[in-house]
Amino acid sequence: MLRFDILTLFPEMIEGVVNSSILKRAREKGLLEINIIDFRLFSTNKHNTVDDYAYGGGAGMLISVEPLHKALVSIPGYEQATKILTTPSGKVFNQQMAIDLSKNEHIIIMCGHYEGIDNRILNYVDEEISIGDYVLTGGEIPALTIMDAVARLVKGVISDDSTVQESFMSGLLEYPQYTRPQVYDGHSVPEILLSGHHANIEKWKHKEALKKTYKMRPDLLDKVALTAEDYAYLKELEKNEN
Ligand code: ADE
């Protein structure tokens with residue numbers, strides 16, 4: 001059982017996702033617990049505001065540290081939890097980080113919004129995570145991204161073989177896949193997949209994964225163990241380009 005607490009000013013952005021599809025089923029099965037906490041409820045002023053002008057000037061409003069911190073310490077067991085802040089200034093999220101996080105029992109994700117958060121929130125955060133080099137309007141989509149990537153690695157959430165062959169687990173991108181019909185709009189399924197020859201099919205899948213990775217993410221090839229045969233195939237691909 002993995003428990004998530006999401007601290008946000010926009011609970012409705014989170015609710016739709018965690019009440020759909022695989023996350024919904026995992027919650028119903030008791031594999032995941034997801035709590036959504038609106039930290040506006042922890043505002044201490046009479047207008048319920050949670051943001052303020054930045055010291056030293058600058059554009060826009062910042063989220064104050066107090067309501068977010070008060071909401072955090074209201075969570076039972078928060079001291080032992082892994083506390084994440086979503087921010088474009090964080091470490092860029094990847095599959096290995098998802099694998100490491102999936103070993104936790106309790107993860108708290110704090111979502112920023114507007115121009116940012118009073119930097120003193122970092123006194124209460126274990127990890128600052130960005131989901132990529134672009135800026136979103138808030139941390140809710142990043143929180144959902146992290147939660148979804150982690151949740152599907154929890155045993156029982158999806159079938160075990162779904163996670164082994166897929167992109168990033170092997171270090172290569174996934175080979176292309178096909179389902180019926182055999183011909184669509186003149187486009188055929190590769191002949192080899194209909195051959196029934198399992199060894200050849202496995203070889204083809206591996207080559208296609210190499211080809212896809214070479215085309216889309218050549219940077220990943222530096223991080224995987226390649227055989228002499230793999231290198232020969234990559235050389236061939238390179239030659240065909242020129
Ligand atoms: N908040 C705004 N943009 C973000 C990003 N790319 N990653 C994490 N949090 C964010």
# chains A, B, ... in the order shown; residues from 1 in each chain; ligands from 1

$ select_by_dssp --residues "range 62-139 of chain A" --states "alpha helix (DSSP H)" --output "MDAnalysis selection string"
chainID A and resid 65:73 95:101

$ write_last_selection --atoms "N, CA, C and O atoms" --output "compact mmCIF listing (two decimals), in the first residue's frame"
# COMPACT_ATOMS: atom_id res chain seq x y z
N VAL A 65 4.62 30.81 2.97
CA VAL A 65 5.09 29.54 3.53
C VAL A 65 4.12 28.99 4.59
O VAL A 65 3.93 27.78 4.71
N GLU A 66 3.46 29.88 5.33
CA GLU A 66 2.70 29.43 6.50
C GLU A 66 1.55 28.46 6.20
O GLU A 66 1.50 27.38 6.80
N PRO A 67 0.61 28.81 5.30
CA PRO A 67 -0.50 27.86 5.09
C PRO A 67 -0.04 26.51 4.55
O PRO A 67 -0.58 25.46 4.95
N LEU A 68 0.97 26.52 3.68
CA LEU A 68 1.47 25.27 3.12
C LEU A 68 2.14 24.43 4.21
O LEU A 68 1.90 23.22 4.32
N HIS A 69 2.95 25.08 5.05
CA HIS A 69 3.61 24.36 6.14
C HIS A 69 2.59 23.83 7.15
O HIS A 69 2.67 22.68 7.60
N LYS A 70 1.59 24.66 7.47
CA LYS A 70 0.56 24.22 8.42
C LYS A 70 -0.21 23.01 7.88
O LYS A 70 -0.53 22.07 8.63
N ALA A 71 -0.50 23.04 6.58
CA ALA A 71 -1.21 21.91 5.96
C ALA A 71 -0.33 20.66 6.01
O ALA A 71 -0.80 19.56 6.33
N LEU A 72 0.96 20.84 5.76
CA LEU A 72 1.91 19.72 5.77
C LEU A 72 1.94 19.04 7.14
O LEU A 72 1.81 17.81 7.24
N VAL A 73 2.10 19.83 8.18
CA VAL A 73 2.24 19.22 9.52
C VAL A 73 0.91 18.68 10.05
O VAL A 73 0.89 17.98 11.06
N GLN A 95 12.36 7.87 -15.22
CA GLN A 95 11.84 6.56 -14.80
C GLN A 95 12.57 6.03 -13.57
O GLN A 95 11.95 5.41 -12.70
N GLN A 96 13.88 6.27 -13.49
CA GLN A 96 14.62 5.78 -12.32
C GLN A 96 14.12 6.45 -11.04
O GLN A 96 13.99 5.80 -9.99
N MET A 97 13.79 7.75 -11.11
CA MET A 97 13.25 8.44 -9.94
C MET A 97 11.88 7.85 -9.57
O MET A 97 11.55 7.70 -8.40
N ALA A 98 11.09 7.50 -10.58
CA ALA A 98 9.78 6.87 -10.32
C ALA A 98 9.98 5.53 -9.62
O ALA A 98 9.28 5.22 -8.65
N ILE A 99 10.95 4.74 -10.08
CA ILE A 99 11.23 3.43 -9.47
C ILE A 99 11.64 3.62 -8.01
O ILE A 99 11.13 2.94 -7.11
N ASP A 100 12.54 4.56 -7.76
CA ASP A 100 13.01 4.80 -6.40
C ASP A 100 11.85 5.26 -5.50
O ASP A 100 11.71 4.78 -4.37
N LEU A 101 11.03 6.16 -6.01
CA LEU A 101 9.90 6.66 -5.20
C LEU A 101 8.88 5.57 -4.92
O LEU A 101 8.22 5.58 -3.88

$ closest_atom_pairs --of "chain A" --to "ligand 1" --cutoff "9 Å" --atoms "only C-alpha atoms and all ligand atoms" --output "CSV"
residue,atom,partner,partner_atom_place_in_ligand_line,distance
A:Leu85,CA,ligand 1,9 (N),7.8
A:Thr86,CA,ligand 1,9 (N),4.1
A:Thr87,CA,ligand 1,9 (N),3.5
A:Pro88,CA,ligand 1,5 (C),4.0
A:Ser89,CA,ligand 1,7 (N),7.5
A:Gly90,CA,ligand 1,8 (C),7.0
A:Lys91,CA,ligand 1,7 (N),9.0
A:Val92,CA,ligand 1,7 (N),7.8
A:Phe93,CA,ligand 1,7 (N),8.5
A:Cys111,CA,ligand 1,9 (N),7.5
A:Gly112,CA,ligand 1,1 (N),6.5
A:His113,CA,ligand 1,1 (N),7.0
A:Tyr114,CA,ligand 1,2 (C),8.7
A:Glu115,CA,ligand 1,2 (C),8.8
A:Gly116,CA,ligand 1,1 (N),8.2
A:Glu128,CA,ligand 1,8 (C),8.4
A:Ile129,CA,ligand 1,8 (C),5.9
A:Ser130,CA,ligand 1,7 (N),3.4
A:Ile131,CA,ligand 1,7 (N),4.2
A:Gly132,CA,ligand 1,6 (N),4.7
A:Asp133,CA,ligand 1,6 (N),5.7
A:Tyr134,CA,ligand 1,6 (N),4.9
A:Val135,CA,ligand 1,3 (N),3.8
A:Leu136,CA,ligand 1,3 (N),3.8
A:Thr137,CA,ligand 1,2 (C),5.6
A:Gly138,CA,ligand 1,1 (N),4.7
A:Gly139,CA,ligand 1,1 (N),4.4
A:Glu140,CA,ligand 1,1 (N),7.8
A:Ile141,CA,ligand 1,9 (N),7.8
A:Pro142,CA,ligand 1,8 (C),5.1
A:Ala143,CA,ligand 1,8 (C),7.6

$ residues_around --residues "Leu32 in chain A" --least-positions-apart "2" --cutoff "7 Å" --atoms "only C-alpha atoms" --output "PyMOL selection string"
chain A and resi 1-3+26-27+30+34

$ residues_around --residues "range 213-226 of chain A" --least-positions-apart "3" --cutoff "7 Å" --atoms "only C-alpha atoms" --output "compact mmCIF listing (two decimals) with all heavy atoms, in the first residue's frame"
# COMPACT_ATOMS: atom_id res chain seq x y z
N GLY A 171 15.98 0.62 -21.12
CA GLY A 171 16.91 1.66 -21.53
C GLY A 171 16.70 2.09 -22.98
O GLY A 171 17.24 3.10 -23.41
N LEU A 172 15.92 1.29 -23.73
CA LEU A 172 15.60 1.63 -25.12
C LEU A 172 14.14 2.05 -25.20
O LEU A 172 13.33 1.69 -24.35
CB LEU A 172 15.80 0.41 -26.03
CG LEU A 172 17.22 -0.14 -26.19
CD1 LEU A 172 17.20 -1.41 -27.03
CD2 LEU A 172 18.15 0.90 -26.80
N LEU A 173 13.78 2.79 -26.24
CA LEU A 173 12.37 3.08 -26.48
C LEU A 173 11.67 1.81 -26.95
O LEU A 173 12.31 0.88 -27.41
CB LEU A 173 12.22 4.19 -27.52
CG LEU A 173 12.88 5.53 -27.18
CD1 LEU A 173 12.58 6.55 -28.28
CD2 LEU A 173 12.42 6.06 -25.83
N ALA A 209 13.45 -1.53 -31.62
CA ALA A 209 13.66 -0.69 -30.43
C ALA A 209 14.94 0.12 -30.59
O ALA A 209 14.98 1.31 -30.28
CB ALA A 209 13.71 -1.56 -29.18
N LEU A 210 15.97 -0.53 -31.12
CA LEU A 210 17.24 0.18 -31.39
C LEU A 210 17.04 1.29 -32.40
O LEU A 210 17.52 2.42 -32.22
CB LEU A 210 18.28 -0.80 -31.93
CG LEU A 210 19.11 -1.60 -30.94
CD1 LEU A 210 19.95 -2.61 -31.71
CD2 LEU A 210 20.01 -0.70 -30.10
N ASP A 230 24.42 -5.20 -32.00
CA ASP A 230 23.71 -3.92 -31.90
C ASP A 230 24.51 -2.80 -32.56
O ASP A 230 23.97 -2.01 -33.33
CB ASP A 230 23.47 -3.53 -30.42
CG ASP A 230 22.48 -4.45 -29.73
OD1 ASP A 230 21.70 -5.12 -30.44
OD2 ASP A 230 22.49 -4.49 -28.49
N TYR A 231 25.80 -2.78 -32.25
CA TYR A 231 26.66 -1.74 -32.83
C TYR A 231 26.69 -1.83 -34.35
O TYR A 231 26.64 -0.82 -35.05
CB TYR A 231 28.09 -1.84 -32.28
CG TYR A 231 28.23 -1.19 -30.93
CD1 TYR A 231 28.52 -1.93 -29.79
CD2 TYR A 231 28.05 0.20 -30.79
CE1 TYR A 231 28.63 -1.33 -28.54
CE2 TYR A 231 28.16 0.81 -29.55
CZ TYR A 231 28.45 0.04 -28.43
OH TYR A 231 28.56 0.64 -27.21

$ residues_around --residues "Ser74 in chain A" --least-positions-apart "6" --cutoff "12 Å" --atoms "only C-alpha atoms" --output "VMD selection string"
chain A and resid 5 7 37 to 39 41 to 42 67 to 68 108

$ select_by_dssp --residues "range 9-207 of chain A" --states "strand (DSSP E or B)" --output "number ranges by chain"
A: 32-38, 51-53, 61-63, 82-92, 106-111, 113, 117, 127-130, 138, 183-184, 187-188

$ residues_around --residues "Asn19 in chain A" --least-positions-apart "5" --cutoff "12 Å" --atoms "only C-alpha atoms" --output "MDAnalysis selection string"
chainID A and resid 12:14 24:28 32:36 144

$ atom_distance --atom1 "CA of Gln182 in chain A" --atom2 "CA of Ile201 in chain A"
16.5 Å

$ atom_distance --atom1 "CA of Ile107 in chain A" --atom2 "CA of Lys83 in chain A"
6.1 Å

$ closest_residue --among "A:Ser43, A:Thr145, A:Ser21, A:Asn94" --to "Ile109 in chain A" --atoms "only C-alpha atoms"
A:Thr145

$ decode --residues "range 41-59 of chain A" --atoms "N, CA and C atoms" --output "PDB file, in the first residue's frame"
ATOM      1  N   LEU A  41      -7.370  26.128   3.149  1.00  0.00           N
ATOM      2  CA  LEU A  41      -8.081  25.950   4.428  1.00  0.00           C
ATOM      3  C   LEU A  41      -7.169  26.241   5.615  1.00  0.00           C
ATOM      4  N   PHE A  42      -5.863  26.325   5.382  1.00  0.00           N
ATOM      5  CA  PHE A  42      -4.904  26.585   6.464  1.00  0.00           C
ATOM      6  C   PHE A  42      -4.438  28.046   6.470  1.00  0.00           C
ATOM      7  N   SER A  43      -5.109  28.880   5.666  1.00  0.00           N
ATOM      8  CA  SER A  43      -4.807  30.316   5.688  1.00  0.00           C
ATOM      9  C   SER A  43      -5.198  30.865   7.059  1.00  0.00           C
ATOM     10  N   THR A  44      -4.369  31.792   7.574  1.00  0.00           N
ATOM     11  CA  THR A  44      -4.650  32.306   8.919  1.00  0.00           C
ATOM     12  C   THR A  44      -5.237  33.714   8.870  1.00  0.00           C
ATOM     13  N   ASN A  45      -5.479  34.246   7.663  1.00  0.00           N
ATOM     14  CA  ASN A  45      -6.077  35.585   7.644  1.00  0.00           C
ATOM     15  C   ASN A  45      -7.546  35.544   7.252  1.00  0.00           C
ATOM     16  N   LYS A  46      -8.230  36.633   7.528  1.00  0.00           N
ATOM     17  CA  LYS A  46      -9.693  36.585   7.417  1.00  0.00           C
ATOM     18  C   LYS A  46     -10.188  36.509   5.971  1.00  0.00           C
ATOM     19  N   HIS A  47      -9.339  36.860   5.006  1.00  0.00           N
ATOM     20  CA  HIS A  47      -9.765  36.751   3.607  1.00  0.00           C
ATOM     21  C   HIS A  47      -9.373  35.416   2.988  1.00  0.00           C
ATOM     22  N   ASN A  48      -8.792  34.538   3.795  1.00  0.00           N
ATOM     23  CA  ASN A  48      -8.352  33.217   3.299  1.00  0.00           C
ATOM     24  C   ASN A  48      -7.329  33.307   2.172  1.00  0.00           C
ATOM     25  N   THR A  49      -6.525  34.356   2.162  1.00  0.00           N
ATOM     26  CA  THR A  49      -5.524  34.444   1.091  1.00  0.00           C
ATOM     27  C   THR A  49      -4.319  33.572   1.447  1.00  0.00           C
ATOM     28  N   VAL A  50      -3.627  33.114   0.410  1.00  0.00           N
ATOM     29  CA  VAL A  50      -2.445  32.264   0.604  1.00  0.00           C
ATOM     30  C   VAL A  50      -1.250  32.820  -0.158  1.00  0.00           C
ATOM     31  N   ASP A  51      -1.417  33.999  -0.764  1.00  0.00           N
ATOM     32  CA  ASP A  51      -0.290  34.557  -1.523  1.00  0.00           C
ATOM     33  C   ASP A  51      -0.045  36.005  -1.120  1.00  0.00           C
ATOM     34  N   ASP A  52       1.120  36.507  -1.516  1.00  0.00           N
ATOM     35  CA  ASP A  52       1.510  37.862  -1.114  1.00  0.00           C
ATOM     36  C   ASP A  52       2.583  38.368  -2.074  1.00  0.00           C
ATOM     37  N   TYR A  53       2.861  39.682  -1.989  1.00  0.00           N
ATOM     38  CA  TYR A  53       3.891  40.278  -2.853  1.00  0.00           C
ATOM     39  C   TYR A  53       5.279  39.793  -2.440  1.00  0.00           C
ATOM     40  N   ALA A  54       6.193  39.743  -3.403  1.00  0.00           N
ATOM     41  CA  ALA A  54       7.558  39.277  -3.122  1.00  0.00           C
ATOM     42  C   ALA A  54       8.390  40.394  -2.502  1.00  0.00           C
ATOM     43  N   TYR A  55       9.143  40.079  -1.465  1.00  0.00           N
ATOM     44  CA  TYR A  55      10.128  41.016  -0.932  1.00  0.00           C
ATOM     45  C   TYR A  55      11.125  41.339  -2.026  1.00  0.00           C
ATOM     46  N   GLY A  56      11.504  42.600  -2.135  1.00  0.00           N
ATOM     47  CA  GLY A  56      12.489  42.985  -3.147  1.00  0.00           C
ATOM     48  C   GLY A  56      11.876  43.232  -4.515  1.00  0.00           C
ATOM     49  N   GLY A  57      10.568  43.062  -4.622  1.00  0.00           N
ATOM     50  CA  GLY A  57       9.882  43.322  -5.880  1.00  0.00           C
ATOM     51  C   GLY A  57       9.930  42.136  -6.822  1.00  0.00           C
ATOM     52  N   GLY A  58       9.398  42.314  -8.013  1.00  0.00           N
ATOM     53  CA  GLY A  58       9.330  41.212  -8.982  1.00  0.00           C
ATOM     54  C   GLY A  58       7.882  40.977  -9.367  1.00  0.00           C
ATOM     55  N   ALA A  59       7.714  40.255 -10.490  1.00  0.00           N
ATOM     56  CA  ALA A  59       6.368  40.080 -11.047  1.00  0.00           C
ATOM     57  C   ALA A  59       5.549  39.092 -10.239  1.00  0.00           C
TER      58      ALA A  59
END
